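Single-structure report; data block below.
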Amino acid sequence: MTIERMPMEWGLRSGAAVAAVVALFGGYLVADAYDVVPGMLTTAEPWPEAAPFPTAPGAVEGPAPAALLEGLPDDAPVPDSVEVQRLVSDLARDKRLGSRVGVTVADAATGQVLGSSNPDRLMTPASTQKLFTGVAALLASPADRTLDTRAVLADDDTVVLVGGGDMMLAAGHGDPDAVNGRAGLADLAQQVAAKVKITGRTQVRVALDDTLFTGDDIAPTVASPDIAAGYIAPVASLGVNVGLLSDEYSDNGPRASDPGKYAAEAFAAALEEEGLETAGAVVDQTAPDGARVLGEVSSAPLGEVVGFAMQYSDNTITEVLGRLVAVAQGLPGSNDGATQAVISTARRLGIDMTGARLRDCSGLGDGSYLSAEQLTDLLTVMVDPARPELRSEAVGMPVAGLNGTLADSHGRFTGDNPARGLARAKTGSLPQVRALAGTVLTADDRLLVFSVLADAIPADRSVGATWIYDDFVGRLATYSAVAPQGG
């Protein structure tokens, strides 16, 4: 192998070049170190360690929450029973109320009867009877339970609408802030259409499964004129606006003769709006077990539904609640099953129901009998702190002069009535019958329960009886251990 010798001058030139590069690079490093040119080196002091992330004022733990309103004092004095009895006796002797009057006033905390007249006389309770149905509903199911309306697929092309007890559906979209109209059929139709269209299908049949309840859809004891006036709708497992044919809610007015079918037709129309063609009329069909669920909408919680029934004395919703109680107890979802379930619930609470008779669950029909004592015994259970599951009904009764059937717009607790805002009660009204049962707070902050029944009022004095009741409750509200008032 021959090795050629490099010329000496090339080596000298190469060494000079390397020296120049080293010198140049060394200068760059120096410049970098002094931050003259960009680079990784620096002679500056290192950046200080980052301060901890500041704590936002909103993230600071605040003070423990405090109640805005204190509870009632445990040591509030009980009204003088002599004074209360005098007031009760005066009311019972008032000829304007007729010959049959039953009254009971008791201390809510202890159950001590402070005044009574004919307390165990069985009388027509009218809509105060709804208190028993509401209590039974809340004991049969949790207050946060919802009533669900489902749509399921059957026979590949049939959508079956399955009622779950919600007769307060909206025909259109539901309102999350409403009780009547919380769930909407248009919302259900959207869910169904989205799943059906994925399959490429453009046409479906609509069927109705309204089999949750059985028997008469209106109690046989309800008078025909009351049905014609729209004070009640046929009970169904689903309905729009409590069966009313109008868009607005009212306690009476024209109702659908078949609320379930009416709701199913509204659902079919909503499917059409979503681009699905519906073939033929709505038919009745029981949903097959295990059918695929295409959509579901839920009512307001049961506690709110019970409150609605109490506030507006809604007969239809109360009858629905009664039948739901029957179903929960394993009884037929019929009128007879419902009344049996409501009475048995009251007995399990320790209320002596001797002689009590319920012909329906709302009090609209003829032939129901309860006593003033049975009503106050129920109210004592309702307000018992050991029964929190019943609180939604206890506070859901109308407030004197402010809302529901006790609003001053109905002529109740008007002006300077002392019980205005301090009493909650369920009303009852039928021809020659007036009833009122609830709670009232005395001037000493003692909670009382009371019930007043009169079922033989002269026909021309029924309206005036409500004002007599309001005055009686107002006098209860003024009682003080320091300065008893009344009479």
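We name chains A, B, ... following the order of the structure tokens; residues begin at 1 in each chain, and ligands are numbered from 1 as shown.
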
All residues 7 Å or closer to Leu441 (chain A), only C-alpha atoms, same chain fewer than 2 positions away omitted, as a PyMOL selection string = chain A and resi 422-423+439+443+445-448+477

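The set of residues in region 411-466 of chain A assigned to helix (DSSP H, G or I) by DSSP, using only backbone atoms of this structure, is Ala459, Asp460, Arg461, Ser462, Val463, Gly464, Ala465 and Thr466 of chain A.
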
Among the residues of region 245-343 of chain A, find those DSSP assigns to strand (DSSP E or B) from the backbone and print them as a VMD selection string.
-> chain A and resid 255 277 to 278 283 to 284 292 to 298

Residue subset to file, keeping N, CA, C and O atoms, as a tab-separated table (two decimals), in the first residue's frame:
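Output file result-v8.tsv is given in full below:
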chain	number	residue	atom	x	y	z
A	255	ARG	N	-113.40	17.58	29.49
A	255	ARG	CA	-112.33	16.57	29.62
A	255	ARG	C	-112.46	15.54	28.50
A	255	ARG	O	-113.54	15.31	27.97
A	277	GLU	N	-93.90	8.87	9.58
A	277	GLU	CA	-95.29	8.68	9.20
A	277	GLU	C	-95.91	7.64	10.13
A	277	GLU	O	-95.28	6.61	10.44
A	278	THR	N	-97.10	7.91	10.62
A	278	THR	CA	-97.80	6.94	11.48
A	278	THR	C	-98.94	6.32	10.70
A	278	THR	O	-99.80	7.04	10.18
A	283	VAL	N	-104.07	2.00	18.22
A	283	VAL	CA	-104.75	0.78	18.65
A	283	VAL	C	-104.30	0.42	20.07
A	283	VAL	O	-103.27	0.91	20.55
A	284	ASP	N	-105.09	-0.40	20.74
A	284	ASP	CA	-104.73	-0.88	22.07
A	284	ASP	C	-103.86	-2.13	21.94
A	284	ASP	O	-104.18	-3.04	21.17
A	292	ARG	N	-87.85	-3.61	23.60
A	292	ARG	CA	-86.79	-2.59	23.56
A	292	ARG	C	-87.38	-1.21	23.84
A	292	ARG	O	-88.35	-0.80	23.22
A	293	VAL	N	-86.81	-0.52	24.81
A	293	VAL	CA	-87.27	0.83	25.16
A	293	VAL	C	-86.67	1.83	24.18
A	293	VAL	O	-85.45	1.92	24.04
A	294	LEU	N	-87.55	2.59	23.55
A	294	LEU	CA	-87.11	3.61	22.59
A	294	LEU	C	-87.01	5.00	23.22
A	294	LEU	O	-86.32	5.87	22.68
A	295	GLY	N	-87.70	5.20	24.32
A	295	GLY	CA	-87.66	6.51	24.96
A	295	GLY	C	-88.46	6.50	26.25
A	295	GLY	O	-89.28	5.61	26.49
A	296	GLU	N	-88.20	7.49	27.09
A	296	GLU	CA	-88.87	7.58	28.39
A	296	GLU	C	-88.85	9.02	28.88
A	296	GLU	O	-87.84	9.71	28.75
A	297	VAL	N	-89.96	9.46	29.43
A	297	VAL	CA	-90.03	10.78	30.07
A	297	VAL	C	-90.63	10.60	31.46
A	297	VAL	O	-91.43	9.69	31.69
A	298	SER	N	-90.23	11.47	32.39
A	298	SER	CA	-90.59	11.30	33.80
A	298	SER	C	-91.36	12.50	34.33
A	298	SER	O	-91.07	13.65	33.99

Smallest atom-to-atom distance to Leu370 (chain A): which of A:Met353, A:Ala264, A:Ala425, A:Ala326, using only C-alpha atoms?
-> A:Met353
